[in-house]
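model03.tsv (TSV, C-alpha atoms)
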```tsv
chain	number	residue	atom	x	y	z
A	1	MET	CA	20.23	101.91	25.78
A	2	ASP	CA	22.96	99.32	26.35
A	3	MET	CA	25.72	100.79	28.52
A	4	SER	CA	27.34	97.45	29.29
A	5	THR	CA	31.02	96.64	28.84
A	6	ASN	CA	33.50	93.96	29.82
A	7	TYR	CA	36.65	94.63	31.80
A	8	MET	CA	38.96	92.24	33.64
A	9	GLY	CA	36.62	89.42	32.64
A	10	PHE	CA	33.63	90.98	34.39
A	11	ASP	CA	30.45	92.02	32.61
A	12	LEU	CA	29.82	95.53	33.91
A	13	PRO	CA	26.56	97.51	33.53
A	14	HIS	CA	28.54	100.57	32.45
A	15	PRO	CA	32.20	101.60	32.04
A	16	LEU	CA	32.49	104.22	34.83
A	17	VAL	CA	34.69	102.70	37.54
A	18	PRO	CA	35.99	104.41	40.70
A	19	GLY	CA	39.76	104.17	40.36
A	20	ALA	CA	42.33	103.34	43.01
A	21	SER	CA	42.17	106.01	45.71
A	22	PRO	CA	41.84	106.59	49.45
A	23	MET	CA	38.06	106.23	49.04
A	24	ALA	CA	38.44	102.47	49.47
A	25	GLY	CA	39.88	103.05	52.92
A	26	ASP	CA	36.45	104.06	54.27
A	27	LEU	CA	33.76	101.38	54.30
A	28	ASP	CA	30.89	103.88	54.31
A	29	THR	CA	32.30	105.59	51.22
A	30	VAL	CA	32.60	102.22	49.48
A	31	ARG	CA	28.92	101.52	50.19
A	32	ARG	CA	27.98	104.95	48.87
A	33	LEU	CA	29.93	104.26	45.68
A	34	GLU	CA	27.99	101.04	45.17
A	35	ASP	CA	24.72	102.88	45.85
A	36	ALA	CA	25.72	105.43	43.19
A	37	GLY	CA	26.11	102.61	40.67
A	38	ALA	CA	29.80	101.70	40.84
A	39	PRO	CA	30.22	98.47	38.84
A	40	MET	CA	33.43	97.52	40.70
A	41	ILE	CA	35.70	98.83	43.43
A	42	ILE	CA	39.45	99.27	42.94
A	43	MET	CA	41.35	99.61	46.19
A	44	HIS	CA	44.33	101.90	46.65
A	45	SER	CA	47.76	100.29	46.31
A	46	ILE	CA	49.49	98.26	48.95
A	47	PHE	CA	53.25	98.85	48.67
A	48	GLU	CA	55.86	96.18	49.11
A	49	GLU	CA	57.62	98.52	51.55
A	50	GLN	CA	54.63	98.01	53.85
A	51	LEU	CA	55.16	94.26	53.81
A	52	VAL	CA	58.61	94.50	55.34
A	53	LYS	CA	57.95	97.11	57.99
A	54	GLU	CA	59.17	97.00	61.61
A	55	GLU	CA	61.26	93.83	61.53
A	56	SER	CA	62.83	94.43	58.13
A	57	TYR	CA	66.17	95.82	57.14
A	58	VAL	CA	64.37	98.34	54.91
A	59	ASP	CA	62.81	100.02	57.93
A	60	TRP	CA	66.11	100.05	59.75
A	61	THR	CA	67.87	101.77	56.85
A	62	LEU	CA	65.08	104.34	56.56
A	63	MET	CA	65.38	105.27	60.20
A	64	GLN	CA	69.19	105.34	60.02
A	65	GLY	CA	68.96	107.70	57.06
A	66	GLN	CA	66.73	110.06	58.99
A	67	ASP	CA	69.09	110.11	61.96
A	68	SER	CA	72.07	110.93	59.77
A	69	SER	CA	70.56	113.67	57.62
A	70	SER	CA	68.30	116.51	58.59
A	71	GLU	CA	66.97	116.61	55.04
A	72	ALA	CA	66.27	112.89	54.60
A	73	SER	CA	63.04	113.01	56.58
A	74	SER	CA	61.50	115.22	53.91
A	75	TYR	CA	61.42	112.44	51.34
A	76	LEU	CA	61.92	109.06	53.03
A	77	VAL	CA	58.75	107.18	53.93
A	78	THR	CA	58.56	105.77	57.44
A	79	PRO	CA	56.34	102.80	58.37
A	80	TYR	CA	53.77	104.83	60.25
A	81	GLU	CA	53.13	107.02	57.21
A	82	PHE	CA	51.36	104.25	55.30
A	83	ARG	CA	47.58	104.53	55.33
A	84	LEU	CA	47.01	100.82	55.90
A	85	GLY	CA	49.59	98.23	56.88
A	86	PRO	CA	49.58	94.81	55.24
A	87	ASP	CA	47.33	93.14	57.81
A	88	ALA	CA	44.94	96.10	57.85
A	89	TYR	CA	44.83	96.13	54.04
A	90	LEU	CA	43.85	92.47	53.92
A	91	LYS	CA	41.20	93.01	56.58
A	92	GLN	CA	39.84	96.03	54.70
A	93	LEU	CA	39.67	93.96	51.53
A	94	GLN	CA	37.66	91.31	53.36
A	95	LYS	CA	35.35	93.94	54.88
A	96	ILE	CA	34.68	95.47	51.47
A	97	LYS	CA	33.99	92.04	49.99
A	98	ALA	CA	31.44	91.42	52.74
A	99	ALA	CA	29.84	94.86	52.36
A	100	VAL	CA	29.28	95.03	48.58
A	101	ARG	CA	28.04	92.75	45.81
A	102	ILE	CA	30.34	94.05	43.08
A	103	PRO	CA	33.86	92.89	42.15
A	104	VAL	CA	36.63	94.16	44.42
A	105	ILE	CA	40.03	94.67	42.81
A	106	ALA	CA	43.15	94.93	44.98
A	107	SER	CA	46.06	97.09	43.85
A	108	LEU	CA	49.65	96.02	44.37
A	109	ASN	CA	52.80	98.12	43.98
A	110	GLY	CA	55.83	95.89	44.32
A	111	HIS	CA	59.56	96.41	44.24
A	112	THR	CA	61.10	92.94	43.98
A	113	PRO	CA	59.87	89.80	42.18
A	114	GLY	CA	59.47	88.02	45.51
A	115	GLY	CA	57.41	90.85	46.96
A	116	TRP	CA	55.06	90.91	43.99
A	117	ILE	CA	54.46	87.17	44.09
A	118	SER	CA	54.07	86.63	47.83
A	119	TYR	CA	51.60	89.43	48.35
A	120	ALA	CA	49.66	88.71	45.16
A	121	LYS	CA	48.99	85.28	46.65
A	122	LEU	CA	47.84	86.82	49.94
A	123	LEU	CA	45.48	89.19	48.11
A	124	ALA	CA	43.97	86.31	46.17
A	125	GLN	CA	43.59	84.25	49.33
A	126	ALA	CA	41.88	87.19	51.07
A	127	GLY	CA	39.19	87.18	48.39
A	128	ALA	CA	40.24	89.78	45.84
A	129	ASP	CA	38.33	89.32	42.59
A	130	GLY	CA	41.30	90.67	40.64
A	131	ILE	CA	44.61	92.45	41.07
A	132	GLU	CA	45.82	95.68	39.50
A	133	LEU	CA	49.61	95.59	39.23
A	134	ASN	CA	50.88	99.12	39.67
A	135	LEU	CA	54.19	99.26	37.78
A	136	TYR	CA	55.98	102.26	39.26
A	137	ASP	CA	59.76	102.17	39.07
A	138	LEU	CA	62.05	105.16	39.48
A	139	ALA	CA	65.04	104.62	37.19
A	140	LEU	CA	67.57	106.77	39.04
A	141	ALA	CA	70.78	104.81	38.46
A	142	PRO	CA	72.84	106.08	35.48
A	143	ASN	CA	73.84	102.54	34.49
A	144	ARG	CA	70.27	101.27	34.32
A	145	GLU	CA	68.96	101.06	30.77
A	146	SER	CA	65.37	101.40	29.60
A	147	SER	CA	65.46	97.84	28.29
A	148	ASP	CA	66.34	96.63	31.80
A	149	ILE	CA	63.24	98.28	33.22
A	150	GLU	CA	61.00	96.72	30.59
A	151	LYS	CA	62.49	93.27	31.09
A	152	GLU	CA	62.02	93.52	34.85
A	153	SER	CA	58.40	94.62	34.43
A	154	LEU	CA	57.65	91.75	32.06
A	155	THR	CA	59.27	89.31	34.47
A	156	VAL	CA	57.01	90.59	37.25
A	157	ILE	CA	53.90	90.20	35.10
A	158	GLN	CA	54.85	86.65	34.16
A	159	ALA	CA	55.62	85.71	37.76
A	160	VAL	CA	52.38	87.10	39.18
A	161	ARG	CA	50.36	85.53	36.37
A	162	LYS	CA	51.81	82.12	37.28
A	163	ALA	CA	51.26	82.70	41.00
A	164	VAL	CA	47.55	83.56	40.94
A	165	SER	CA	44.59	82.62	38.77
A	166	ILE	CA	42.40	85.70	39.32
A	167	PRO	CA	42.19	88.42	36.64
A	168	LEU	CA	45.16	90.80	36.31
A	169	ALA	CA	45.36	94.37	35.10
A	170	VAL	CA	48.67	96.17	34.63
A	171	LYS	CA	48.78	99.89	35.33
A	172	LEU	CA	51.52	101.48	33.24
A	173	SER	CA	53.45	104.71	33.45
A	174	SER	CA	53.54	107.08	30.49
A	175	PHE	CA	57.33	107.00	30.20
A	176	TYR	CA	57.87	104.02	27.94
A	177	THR	CA	59.63	104.85	24.69
A	178	ALA	CA	57.35	102.59	22.64
A	179	PRO	CA	54.11	102.12	24.62
A	180	VAL	CA	52.30	100.09	21.95
A	181	HIS	CA	55.15	97.58	21.70
A	182	PHE	CA	55.46	97.28	25.46
A	183	VAL	CA	51.72	96.73	25.90
A	184	ALA	CA	51.92	93.94	23.31
A	185	GLN	CA	54.77	92.35	25.27
A	186	ALA	CA	52.89	92.78	28.55
A	187	VAL	CA	49.88	90.99	27.09
A	188	LYS	CA	52.08	88.10	25.99
A	189	ALA	CA	53.45	87.97	29.54
A	190	GLY	CA	49.94	87.52	30.94
A	191	ALA	CA	48.39	90.97	31.29
A	192	GLY	CA	44.97	90.70	29.72
A	193	ASN	CA	44.00	94.16	30.94
A	194	VAL	CA	46.03	97.37	30.72
A	195	VAL	CA	45.45	100.71	32.46
A	196	ILE	CA	46.66	103.87	30.69
A	197	PHE	CA	48.37	105.67	32.55
A	198	ASN	CA	49.49	105.76	36.15
A	199	ARG	CA	49.21	109.28	37.57
A	200	PHE	CA	52.29	110.07	39.63
A	201	TYR	CA	52.31	112.72	42.31
A	202	GLN	CA	55.23	115.00	41.56
A	203	ALA	CA	57.30	116.45	44.37
A	204	ASP	CA	57.94	120.18	44.59
A	205	ILE	CA	60.74	122.07	46.33
A	206	ASP	CA	60.37	124.42	49.28
A	207	ILE	CA	63.23	126.81	48.53
A	208	GLU	CA	62.98	128.57	51.91
A	209	ASN	CA	63.08	125.49	54.14
A	210	LEU	CA	65.10	123.34	51.72
A	211	THR	CA	62.67	120.45	51.88
A	212	VAL	CA	60.64	118.43	49.44
A	213	LYS	CA	57.00	119.49	49.41
A	214	ARG	CA	54.26	116.91	49.26
A	215	GLU	CA	51.02	118.14	47.81
A	216	LEU	CA	48.10	116.19	46.38
A	217	LYS	CA	46.71	117.96	43.33
A	218	LEU	CA	43.59	116.67	41.69
A	219	SER	CA	43.72	116.00	37.98
A	220	THR	CA	42.22	118.16	35.23
A	221	SER	CA	40.92	117.27	31.80
A	222	ASP	CA	44.19	118.50	30.27
A	223	GLU	CA	45.91	115.39	31.64
A	224	LEU	CA	43.62	113.19	29.58
A	225	LEU	CA	45.16	114.05	26.21
A	226	PRO	CA	48.22	111.72	26.20
A	227	ARG	CA	46.03	108.93	27.54
A	228	LEU	CA	43.61	109.37	24.66
A	229	ARG	CA	46.43	109.34	22.14
A	230	TRP	CA	48.06	106.14	23.31
A	231	THR	CA	44.82	104.29	23.97
A	232	ALA	CA	43.80	105.17	20.41
A	233	ALA	CA	47.10	103.75	19.16
A	234	ILE	CA	46.83	100.52	21.19
A	235	SER	CA	43.15	99.82	20.54
A	236	GLY	CA	42.65	97.46	17.64
A	237	GLN	CA	46.34	96.61	17.45
A	238	VAL	CA	46.81	94.72	20.72
A	239	ASP	CA	44.31	92.13	21.94
A	240	CYS	CA	43.56	93.25	25.48
A	241	ARG	CA	41.02	95.13	27.56
A	242	LEU	CA	41.90	98.79	28.11
A	243	ALA	CA	41.11	101.25	30.87
A	244	ILE	CA	41.98	104.93	31.07
A	245	THR	CA	42.73	106.70	34.32
A	246	GLY	CA	43.80	110.30	34.98
A	247	GLY	CA	42.11	113.47	33.78
A	248	VAL	CA	38.53	112.21	33.58
A	249	GLN	CA	36.40	115.04	34.95
A	250	ASN	CA	33.09	115.03	33.07
A	251	ALA	CA	30.88	113.04	30.73
A	252	ASP	CA	32.63	114.42	27.65
A	253	ASP	CA	35.91	113.00	28.96
A	254	VAL	CA	34.30	109.60	29.48
A	255	ILE	CA	32.89	109.60	25.95
A	256	LYS	CA	36.31	110.46	24.49
A	257	CYS	CA	37.85	107.56	26.39
A	258	ILE	CA	35.30	105.12	24.99
A	259	MET	CA	35.72	106.49	21.47
A	260	VAL	CA	39.47	105.85	21.45
A	261	GLY	CA	38.93	102.29	22.63
A	262	ALA	CA	38.67	102.12	26.42
A	263	ASP	CA	36.58	99.31	27.89
A	264	ALA	CA	36.50	101.02	31.30
A	265	VAL	CA	37.11	104.56	32.51
A	266	GLN	CA	38.55	105.01	35.98
A	267	ILE	CA	37.47	108.13	37.84
A	268	VAL	CA	39.14	109.46	40.97
A	269	SER	CA	39.62	113.23	41.25
A	270	ALA	CA	36.05	114.10	40.24
A	271	LEU	CA	34.71	111.73	42.90
A	272	LEU	CA	37.08	113.04	45.57
A	273	GLU	CA	35.92	116.56	44.78
A	274	HIS	CA	32.18	115.99	44.33
A	275	GLY	CA	31.54	112.82	46.31
A	276	PRO	CA	30.36	109.30	45.38
A	277	LYS	CA	26.99	110.51	44.06
A	278	HIS	CA	28.81	112.24	41.23
A	279	LEU	CA	29.29	108.85	39.61
A	280	ALA	CA	25.55	108.68	38.91
A	281	VAL	CA	25.63	112.25	37.58
A	282	LEU	CA	28.36	111.35	35.09
A	283	ARG	CA	26.52	108.23	33.98
A	284	ALA	CA	23.26	110.14	33.43
A	285	ALA	CA	25.06	112.83	31.42
A	286	MET	CA	26.78	110.20	29.31
A	287	GLU	CA	23.50	108.42	28.60
A	288	GLN	CA	21.86	111.70	27.62
A	289	TRP	CA	24.69	112.52	25.20
A	290	MET	CA	24.46	109.07	23.63
A	291	GLN	CA	20.71	109.41	23.23
A	292	ASP	CA	21.04	112.85	21.68
A	293	HIS	CA	23.61	111.53	19.20
A	294	GLU	CA	21.68	108.34	18.45
A	295	TYR	CA	24.09	105.82	19.92
A	296	VAL	CA	22.36	102.64	21.04
A	297	SER	CA	25.26	101.10	22.98
A	298	VAL	CA	28.72	101.65	24.39
A	299	LYS	CA	29.97	98.90	22.09
A	300	GLN	CA	28.83	100.92	19.07
A	301	MET	CA	30.90	103.88	20.27
A	302	LYS	CA	33.94	101.96	21.45
A	303	GLY	CA	37.03	102.46	19.31
A	304	SER	CA	35.28	104.63	16.72
A	305	MET	CA	38.09	107.18	17.01
A	306	SER	CA	40.96	104.75	17.50
A	307	LEU	CA	43.99	104.95	15.25
A	308	ALA	CA	42.90	101.80	13.45
A	309	ARG	CA	39.43	103.19	12.66
A	310	SER	CA	39.94	106.94	12.59
A	311	PRO	CA	39.02	108.63	9.28
A	312	ASP	CA	42.17	110.75	9.70
A	313	PRO	CA	44.92	108.67	11.37
A	314	GLU	CA	47.39	111.52	10.92
A	315	LEU	CA	45.64	113.37	13.74
A	316	PHE	CA	47.37	110.94	16.09
A	317	GLU	CA	50.69	111.02	14.29
A	318	ARG	CA	53.28	113.53	13.09
A	319	GLY	CA	50.88	115.27	10.74
A	320	ASN	CA	48.94	116.76	13.62
A	321	TYR	CA	52.16	118.01	15.23
A	322	ILE	CA	53.20	119.74	11.99
A	323	ARG	CA	49.78	121.27	11.39
A	324	ILE	CA	49.52	122.74	14.86
A	325	LEU	CA	52.98	124.32	14.80
A	326	GLN	CA	52.63	125.75	11.30
A	327	GLY	CA	49.05	126.84	11.72
A	328	TRP	CA	49.46	128.82	14.95
A	329	ASN	CA	48.77	132.53	14.75
A	330	LYS	CA	49.38	134.99	17.54
A	331	PRO	CA	46.08	136.39	18.83
A	332	VAL	CA	45.69	140.03	17.86
A	333	SER	CA	45.65	142.24	20.96
A	334	ARG	CA	44.46	145.84	21.12
A	335	THR	CA	48.06	146.99	21.35
A	336	ASP	CA	49.00	145.04	18.22
A	337	ALA	CA	46.01	146.46	16.37
A	338	HIS	CA	46.96	150.01	17.40
A	339	TRP	CA	50.51	149.73	16.02
A	340	SER	CA	49.59	147.89	12.85
```
Once you've parsed the file, please lay out its structure as structure tokens.
Amino acid sequence: MDMSTNYMGFDLPHPLVPGASPMAGDLDTVRRLEDAGAPMIIMHSIFEEQLVKEESYVDWTLMQGQDSSSEASSYLVTPYEFRLGPDAYLKQLQKIKAAVRIPVIASLNGHTPGGWISYAKLLAQAGADGIELNLYDLALAPNRESSDIEKESLTVIQAVRKAVSIPLAVKLSSFYTAPVHFVAQAVKAGAGNVVIFNRFYQADIDIENLTVKRELKLSTSDELLPRLRWTAAISGQVDCRLAITGGVQNADDVIKCIMVGADAVQIVSALLEHGPKHLAVLRAAMEQWMQDHEYVSVKQMKGSMSLARSPDPELFERGNYIRILQGWNKPVSRTDAHWS
């Protein structure tokens, strides 16, 4: 059975890729992922805020904010909170490159065009086989339009593409008004690979202590649904390689991702919960399902349920929305049955 795929220009033996996570911060875990069959390693993001720590004005303003407000410390990030500083991140990248024989992809989360470009160059010089651009921008200003955000993102992609020659993937948020159009524009700007979608960690409120609560919650398969929908819409309409991340828990989830058009499937929460060996378990379960259903390759399965190839495209459009709302019936409870 041919499980091979191509993503970011690399021929991979299978599509199950450990996504960006703290796992890359531990060299032993990285080796265990490779032993379990990981076809590539994607490091967690390095943030531009880390690049300007200590001597920068950004750090000074963060500390001033904490001194002036008892509540600011609940949501402002201080330099020592970052898992790896810029120098440590580059050294970790080099250590991983020396420890494994598979491609190592760095992840960059920038804030300004200059920050994206300068550190992209450093990552390439340190030996990264590719870079995942993590486009995460909080549009909090009332005078900032959605078109401004898209233009800024496209400018970043173009600038980084000109700055480095290694493969690029762009990791998008799910908040674009027209995702298919934006992906098409991102590809024109130089993003040959697109990741659907970034999984943001949402802050909660501690109403007793009046602070912002930080809590890492692992994903569930329910989060996969919007990713399936938009990957299905993009596949076959935009010429790029696609990866899905967020909500992939089991082999069924992986198969769905491939069917809607994903070239690679990034897995994080399931590996954090079950350990690196779970990657081999997922691969074996996927192979068994394909054998049982007489698939001979991943390529045969890929995109079979995309919008372009689906036997019922309305399932991804308004028709499905109408059918679900009009076809819902309240489950009959014992109380309802008694009074009927």
Exercise for the section: Could you jot down the CA of Ala232 (chain A) to CA of Arg309 (chain A) separation for me, Å, one decimal place? Expected result: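 Separating CA of Ala232 (chain A) from CA of Arg309 (chain A) is a distance of 9.1 Å.
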Practice task
Compile the contact shell of Leu172 (chain A) as a list in words: residues with an atom at most 10 Å away, counting all atoms listed in the file, same-chain residues fewer than 2 positions apart removed.
Solution key: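 The residues satisfying every condition are Leu133, Asn134, Leu135, Tyr136, Ser153, Ala169, Val170, Ser174, Phe175, Tyr176, Pro179, Phe182, Val183, Ala186, Val194, Val195, Ile196, Phe197, Asn198 and Arg199 of chain A.
The coordinates place CA of Ala128 (chain A) at 19.9 Å from CA of Pro15 (chain A).
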Problem - Distance in Å - CA of Glu223 (chain A) versus CA of Val281 (chain A) - result: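 Taking CA of Glu223 (chain A) and CA of Val281 (chain A), their separation equals 21.4 Å.
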Problem - Shortest interatomic distance to Leu154 (chain A) - which of A:Gln92, A:Ala184, A:Pro142, A:Asp206, counting all atoms listed in the file - result: A:Ala184
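Candidate residues A:Ala262, A:Ile267, A:Ile255, A:Ile41 were compared for distance to Trp289 (chain A), and the nearest is A:Ile255, using all atoms listed in the file.
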